[in-house]
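The structure appears right after this line, and notes come after that.
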Amino acid sequence: RREWKRVVRVVKEVEEECEMKVERVRKVVDAMVVEMHAGLASEGGSKLKMLLTYVHHIHLPIGSEKGTYYALHLGGTNFRVLRVRLGGEQSSVLEHEVEQQPIPQHLRTGTSEDLFDFIASSLREFIEKEGDGSELSLDRRRELGFTFSFPVKQMSVSSGILITLTEEFSIEDMVGRDVPACLQEALTRKGLDMRVSALVNDIVGTIALGHYHDADTVAAIIIGTGTNACYLERIDAIVKCQGLPTTSGYMVVNMEWENFWSSHLPRTLYDIDLVAESPNPDQGFEKMISGMYLGDIARRIIVKMSLVSDIFGPISFKLSMPFILSTPMIAAMHEDDSPDLKEVARIFEDILEIHDLPLKARKLVVKVCDVVTRRAARLVAAGIVGILKKIGRDGSSGITGGRRSDAKMKRTVVAIEGDLYSSYTLFREYLHEALNEILGEDIAKHVILKVTEDGSGIGAALLAASHSSYN
Ligand code: ADP
């Protein structure tokens with residue numbers, strides 16, 4: 001009995017530490033706004049990088065783009081090429097075709113010329129297969145949006161210098177070079193008459209796709225394996241970059257919010273251990289909210305529970321393996337609605353090799369999943385409201401006589417992409433619940449989260465269209 005009490009106490013403690021009452025959520029909202037200001041004020045002024053994208057509001061796709069455009073998405077160990085045919089009205093995508101290929105290992109550690117030659121050859125093959133069915137008129141060059149999922153410092157919408165490559169790649173000569181130019185040169189070498197019109201970060205592709213379908217889109221969030229956000233900022237508020245033409249009014253700013261940090265985040269010992277054991281001690285916000293980590297936070301809590309009691313049987317070797325519990329497994333246990341929590345028992349059997357977990361322990365495991373997921377959803381909600389507050393769309397500017405007024409609140413759309421939101425129902429519900437709590441229902445009803453799919457592919461092709469030199 002004493003042991004059981006200890007297990008319950010572990011869960012109670014973590015529940016209290018992760019609790020985010022609305023006052024605390026508001027503190028995170030305000031911290032986000034402060035950091036956004038700091039990141040816009042000077043380079044390195046905040047953990048939020050607040051990167052300029054050179055995608056101006058007036059150049060976001062609006063749904064009337066017409067013609068065939070291409071995208072190339074390079075990230076991870078694969079690359080994809082896409083062809084998208086746009087109808088010219090009502091945000092239609094008449095057809096889109098995708099081809100994915102692995103990047104051979106030797107090209108991931110060779111020279112940039114070899115890598116881009118390989119990609120250009122694949123693009124050429126992709127285009128040669130089009131045959132006569134192509135809608136493209138002969139006097140036009142093909143145009144391509146290039147989604148490059150690595151940190152770059154952009155100089156214009158179609159140029160940017162690579163800052164660093166991540167784990168899967170080590171191509172020394174690429175660092176410090178203008179990546180779209182490298183691609184452009186390879187296309188020319190391979191005899192492909194194609195122009196790289198836009199260098200796109202995944203998150204910018206997401207806002208572009210959102211905006212194509214709904215012109216009230218002002219921000220975008222990705223919440224999948226990783227997380228990021230971007231939004232439309234007034235150019236004169238981007239203090240760190242003097243001399244930008246202010247005629248267009250607004251530019252997309254890529255927040256790189258995975259690195260956001262504030263003392264108001266409800267950090268537990270489990271988070272501290274997770275960060276300490278990870279190769280990259282940054283990305284504190286991401287490590288509390290994204291799909292890569294939620295499963296492992298829950299696992300760490302369950303390890304602690306199993307250390308204070310033998311209700312989980314002898315210490316399971318499997319349970320001690322980092323990342324063995326994935327976020328989809330957490331979701332499956334959390335959403336298990338069978339009376340005896342069969343799914344929890346199954347995952348414990350199959351994955352952790354912990355047999356015959358008693359029902360009362362299964363219930364506590366569900367509670368752990370709930371605590372971790374609810375905290376993540378409320379933090380994402382705080383981030384979203386932070387953006388809305390920064391751009392004056394949180395309703396607070398309309399406060400009159402102490403009451404929020406929704407009369408002046410504009411319809412505000414946030415594009416959202418990623419499986420955590422689209423496949424994890426309880427995460428989504430907690431997120432909406434938190435938005436309602438922070439904003440109040442009168443304001444929250446004007447804020448619409450719209451799911452996009454494949455911003456990094458289709459969104460990039462749309463940016464090639466809206467930045468076409470034939471417009
Ligand atoms: P990306 O890897 O590009 O972020 P996704 O948006 O597809 O791609 O997100 C995948 C991540 O979402 C996975 O790493 C996983 O953590 C999480 N995920 C996938 N399916 C589910 C699910 N049903 N419930 C909860 N999380 C999920």
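Chain lettering (A, B, ...) mirrors the order of the structure tokens, residue numbering begins at 1 for each chain separately, and ligand numbering begins at 1 in order of display.
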So that I can check the surroundings of Glu113 (chain A), please list as a list in words every protein, DNA and RNA residue that reaches within 9 Å of it, counting only C-alpha atoms and ignoring chain neighbours fewer than 5 positions away.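 That gives Phe118, Met174, Cys182, Leu183, Glu185 and Ala186 of chain A.
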Convert the current residue selection to file output with N, CA and C atoms, as a compact mmCIF listing (two decimals), in the first residue's frame.
```txt
# COMPACT_ATOMS: atom_id res chain seq x y z
N PHE A 118 23.16 15.70 -58.76
CA PHE A 118 22.27 14.55 -58.61
C PHE A 118 20.80 14.99 -58.57
N MET A 174 29.49 23.60 -48.61
CA MET A 174 28.19 24.23 -48.82
C MET A 174 27.95 25.35 -47.81
N CYS A 182 23.67 27.61 -55.94
CA CYS A 182 24.28 26.30 -56.20
C CYS A 182 23.32 25.43 -57.01
N LEU A 183 22.05 25.46 -56.61
CA LEU A 183 21.06 24.67 -57.33
C LEU A 183 20.89 25.19 -58.76
N GLU A 185 22.99 26.76 -60.63
CA GLU A 185 24.14 26.38 -61.47
C GLU A 185 24.04 24.92 -61.92
N ALA A 186 23.60 24.05 -61.01
CA ALA A 186 23.47 22.64 -61.37
C ALA A 186 22.38 22.45 -62.42
```
Query - Surrounding residues as JSON, numbers by chain, ligand 1, max 9 Å, only C-alpha atoms and all ligand atoms - result: {"A": [222, 223, 224, 225, 226, 227, 290, 291, 292, 293, 294, 295, 326, 327, 328, 329, 330, 331, 332, 417, 418, 419, 420, 421, 422, 423, 424, 425, 427, 453, 454, 456]}
Print the selection's residues with N, CA and C atoms to a file, as a tab-separated table (two decimals), in the first residue's frame.
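The resulting selection.tsv:
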```
chain	number	residue	atom	x	y	z
A	222	ILE	N	3.70	24.97	-37.22
A	222	ILE	CA	3.91	23.54	-37.50
A	222	ILE	C	4.07	22.85	-36.15
A	223	ILE	N	3.29	21.80	-35.94
A	223	ILE	CA	3.46	21.04	-34.71
A	223	ILE	C	3.38	19.54	-35.05
A	224	GLY	N	4.55	19.02	-35.45
A	224	GLY	CA	4.68	17.60	-35.81
A	224	GLY	C	5.86	17.05	-35.04
A	225	THR	N	6.78	16.43	-35.74
A	225	THR	CA	7.99	15.95	-35.08
A	225	THR	C	8.71	17.12	-34.41
A	226	GLY	N	8.80	18.21	-35.13
A	226	GLY	CA	9.36	19.44	-34.57
A	226	GLY	C	8.29	20.52	-34.56
A	227	THR	N	8.70	21.74	-34.31
A	227	THR	CA	7.71	22.82	-34.27
A	227	THR	C	8.33	24.14	-34.70
A	290	SER	N	6.78	19.16	-28.80
A	290	SER	CA	6.64	18.54	-30.12
A	290	SER	C	6.61	17.01	-30.06
A	291	GLY	N	6.16	16.44	-31.16
A	291	GLY	CA	5.96	15.00	-31.25
A	291	GLY	C	7.22	14.18	-31.03
A	292	MET	N	8.35	14.77	-31.32
A	292	MET	CA	9.60	14.07	-31.10
A	292	MET	C	9.77	13.71	-29.62
A	293	TYR	N	9.25	14.54	-28.73
A	293	TYR	CA	9.61	14.43	-27.31
A	293	TYR	C	8.51	14.00	-26.34
A	294	LEU	N	7.24	14.23	-26.68
A	294	LEU	CA	6.19	13.98	-25.67
A	294	LEU	C	6.24	12.55	-25.14
A	295	GLY	N	6.46	11.59	-26.05
A	295	GLY	CA	6.52	10.19	-25.63
A	295	GLY	C	7.63	9.97	-24.62
A	326	SER	N	6.76	6.26	-28.30
A	326	SER	CA	6.61	7.36	-29.25
A	326	SER	C	5.36	8.16	-28.89
A	327	THR	N	5.27	9.35	-29.46
A	327	THR	CA	4.08	10.17	-29.19
A	327	THR	C	2.80	9.51	-29.71
A	328	PRO	N	2.79	8.89	-30.89
A	328	PRO	CA	1.55	8.19	-31.30
A	328	PRO	C	1.14	7.11	-30.27
A	329	MET	N	2.09	6.48	-29.60
A	329	MET	CA	1.72	5.50	-28.56
A	329	MET	C	1.08	6.20	-27.36
A	330	ILE	N	1.62	7.34	-27.02
A	330	ILE	CA	1.04	8.13	-25.92
A	330	ILE	C	-0.40	8.49	-26.28
A	331	ALA	N	-0.58	8.91	-27.54
A	331	ALA	CA	-1.93	9.28	-28.00
A	331	ALA	C	-2.86	8.07	-27.92
A	332	ALA	N	-2.35	6.91	-28.34
A	332	ALA	CA	-3.21	5.71	-28.34
A	332	ALA	C	-3.61	5.33	-26.92
A	417	GLU	N	-0.21	22.95	-39.29
A	417	GLU	CA	0.15	21.72	-39.99
A	417	GLU	C	0.92	20.81	-39.04
A	418	GLY	N	0.75	19.53	-39.22
A	418	GLY	CA	1.50	18.58	-38.39
A	418	GLY	C	0.56	17.60	-37.71
A	419	ASP	N	1.09	16.39	-37.56
A	419	ASP	CA	0.23	15.30	-37.05
A	419	ASP	C	-0.18	15.45	-35.60
A	420	LEU	N	0.58	16.18	-34.83
A	420	LEU	CA	0.19	16.32	-33.44
A	420	LEU	C	-1.19	16.99	-33.38
A	421	TYR	N	-1.34	18.01	-34.19
A	421	TYR	CA	-2.64	18.70	-34.23
A	421	TYR	C	-3.67	17.90	-35.03
A	422	SER	N	-3.28	17.40	-36.19
A	422	SER	CA	-4.31	16.81	-37.05
A	422	SER	C	-4.67	15.37	-36.65
A	423	SER	N	-3.78	14.65	-35.95
A	423	SER	CA	-4.11	13.25	-35.62
A	423	SER	C	-4.36	12.98	-34.15
A	424	TYR	N	-4.07	13.94	-33.30
A	424	TYR	CA	-4.19	13.69	-31.85
A	424	TYR	C	-5.35	14.54	-31.33
A	425	THR	N	-6.52	13.91	-31.26
A	425	THR	CA	-7.74	14.65	-30.95
A	425	THR	C	-7.68	15.38	-29.61
A	427	PHE	N	-5.09	16.40	-27.93
A	427	PHE	CA	-4.16	17.53	-28.02
A	427	PHE	C	-4.90	18.73	-28.63
A	453	GLU	N	-2.04	20.98	-45.58
A	453	GLU	CA	-1.31	19.75	-45.80
A	453	GLU	C	-0.26	19.95	-46.88
A	454	ASP	N	0.95	19.76	-46.50
A	454	ASP	CA	2.09	19.87	-47.39
A	454	ASP	C	2.44	21.29	-47.82
A	456	SER	N	5.32	22.50	-47.22
A	456	SER	CA	6.70	22.50	-47.69
A	456	SER	C	6.80	22.05	-49.14
```
Using the chain letters and numbers from this document, which residues of region 7-254 of chain A does DSSP assign to strand (DSSP E), as a PyMOL selection string?
chain A and resi 51-56+66-75+78-87+93-102+142-148+152-156+159-162+194-200+217-223+227-234+250-254
File of the preceding selection, C-alpha atoms, as a compact mmCIF listing (two decimals), in the first residue's frame:
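Result saved to part-v4.txt:
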```txt
# COMPACT_ATOMS: atom_id res chain seq x y z
CA LEU A 51 14.33 35.63 -39.38
CA LEU A 52 13.43 37.83 -42.30
CA THR A 53 12.06 35.81 -45.21
CA TYR A 54 11.67 38.56 -47.82
CA VAL A 55 8.23 37.15 -48.55
CA HIS A 56 6.08 40.26 -48.55
CA LYS A 66 -2.42 30.06 -62.84
CA GLY A 67 -0.09 27.63 -64.57
CA THR A 68 2.33 24.83 -63.78
CA TYR A 69 4.97 25.30 -61.11
CA TYR A 70 7.52 23.10 -59.43
CA ALA A 71 8.89 22.56 -55.98
CA LEU A 72 11.93 20.83 -54.65
CA HIS A 73 11.98 19.88 -50.99
CA LEU A 74 15.33 18.99 -49.49
CA GLY A 75 15.49 18.03 -45.86
CA ASN A 78 15.13 12.28 -48.84
CA PHE A 79 14.22 14.87 -51.36
CA ARG A 80 10.95 15.38 -53.17
CA VAL A 81 10.06 17.01 -56.43
CA LEU A 82 6.55 18.24 -57.10
CA ARG A 83 4.61 19.57 -60.02
CA VAL A 84 1.53 21.61 -59.21
CA ARG A 85 -1.02 22.81 -61.73
CA LEU A 86 -3.03 25.82 -60.61
CA GLY A 87 -6.41 26.67 -62.01
CA VAL A 93 -5.03 22.99 -57.33
CA LEU A 94 -5.98 21.07 -60.47
CA GLU A 95 -3.42 18.39 -59.98
CA HIS A 96 -0.22 17.76 -58.20
CA GLU A 97 2.33 15.09 -58.57
CA VAL A 98 5.09 14.16 -56.16
CA GLU A 99 8.13 11.99 -56.52
CA GLN A 100 10.34 11.15 -53.59
CA GLN A 101 13.85 9.76 -53.61
CA PRO A 102 16.44 8.90 -51.01
CA ARG A 142 9.83 26.63 -65.68
CA GLU A 143 9.85 28.06 -62.18
CA LEU A 144 10.66 26.33 -58.95
CA GLY A 145 10.20 26.91 -55.24
CA PHE A 146 13.04 25.40 -53.26
CA THR A 147 12.24 24.26 -49.73
CA PHE A 148 15.42 23.84 -47.80
CA VAL A 152 19.93 29.86 -43.86
CA LYS A 153 20.43 33.57 -43.73
CA GLN A 154 18.28 34.95 -46.47
CA MET A 155 19.32 37.96 -48.50
CA SER A 156 16.32 38.04 -50.79
CA SER A 159 18.92 33.76 -52.20
CA GLY A 160 20.27 32.67 -48.87
CA ILE A 161 23.49 31.53 -47.29
CA LEU A 162 23.70 28.23 -45.47
CA MET A 194 14.36 26.36 -64.94
CA ARG A 195 14.54 29.29 -62.55
CA VAL A 196 14.77 29.02 -58.77
CA SER A 197 12.20 31.71 -57.90
CA ALA A 198 11.92 31.26 -54.16
CA LEU A 199 13.96 29.80 -51.33
CA VAL A 200 11.41 28.58 -48.85
CA THR A 217 -4.28 33.98 -42.89
CA VAL A 218 -1.81 35.94 -40.76
CA ALA A 219 0.32 33.23 -39.17
CA ALA A 220 1.31 29.58 -39.46
CA ILE A 221 2.27 26.92 -36.95
CA ILE A 222 3.91 23.54 -37.50
CA ILE A 223 3.46 21.04 -34.71
CA THR A 227 7.71 22.82 -34.27
CA ASN A 228 7.97 26.34 -35.64
CA ALA A 229 5.86 29.42 -36.33
CA CYS A 230 5.81 32.41 -38.63
CA TYR A 231 3.54 35.41 -39.06
CA LEU A 232 3.06 38.63 -40.96
CA GLU A 233 4.89 41.49 -39.26
CA ARG A 234 4.76 45.19 -40.05
CA TYR A 250 4.13 43.45 -44.07
CA MET A 251 6.66 40.65 -44.32
CA VAL A 252 6.59 37.03 -43.19
CA VAL A 253 8.91 36.57 -40.21
CA ASN A 254 10.15 33.08 -39.42
```
Counting only C-alpha atoms, which residue out of A:Val365, A:His446, A:Leu388, A:Gly176 sits closest to Met305 (chain A)?
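Looking only at the distances to Met305 (chain A), the closest residue turns out to be A:Val365.
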Polymer residues at most 9 Å from Val368 (chain A), only C-alpha atoms, same-chain spacing of 6 or more positions, as a list in words | Val11, Val14, Glu15, Ala298, Ile301, Ile302 and His334 of chain A
Determine, counting only C-alpha atoms, which protein, DNA and RNA residues have an atom within 9 Å of an atom of Glu168 (chain A); residues of the same chain fewer than 5 positions away are not included. Present the result as a list in words.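 Near neighbours after the sequence-gap exclusion: Gly76, Thr77, Gln105, Arg108 and Thr109 of chain A.
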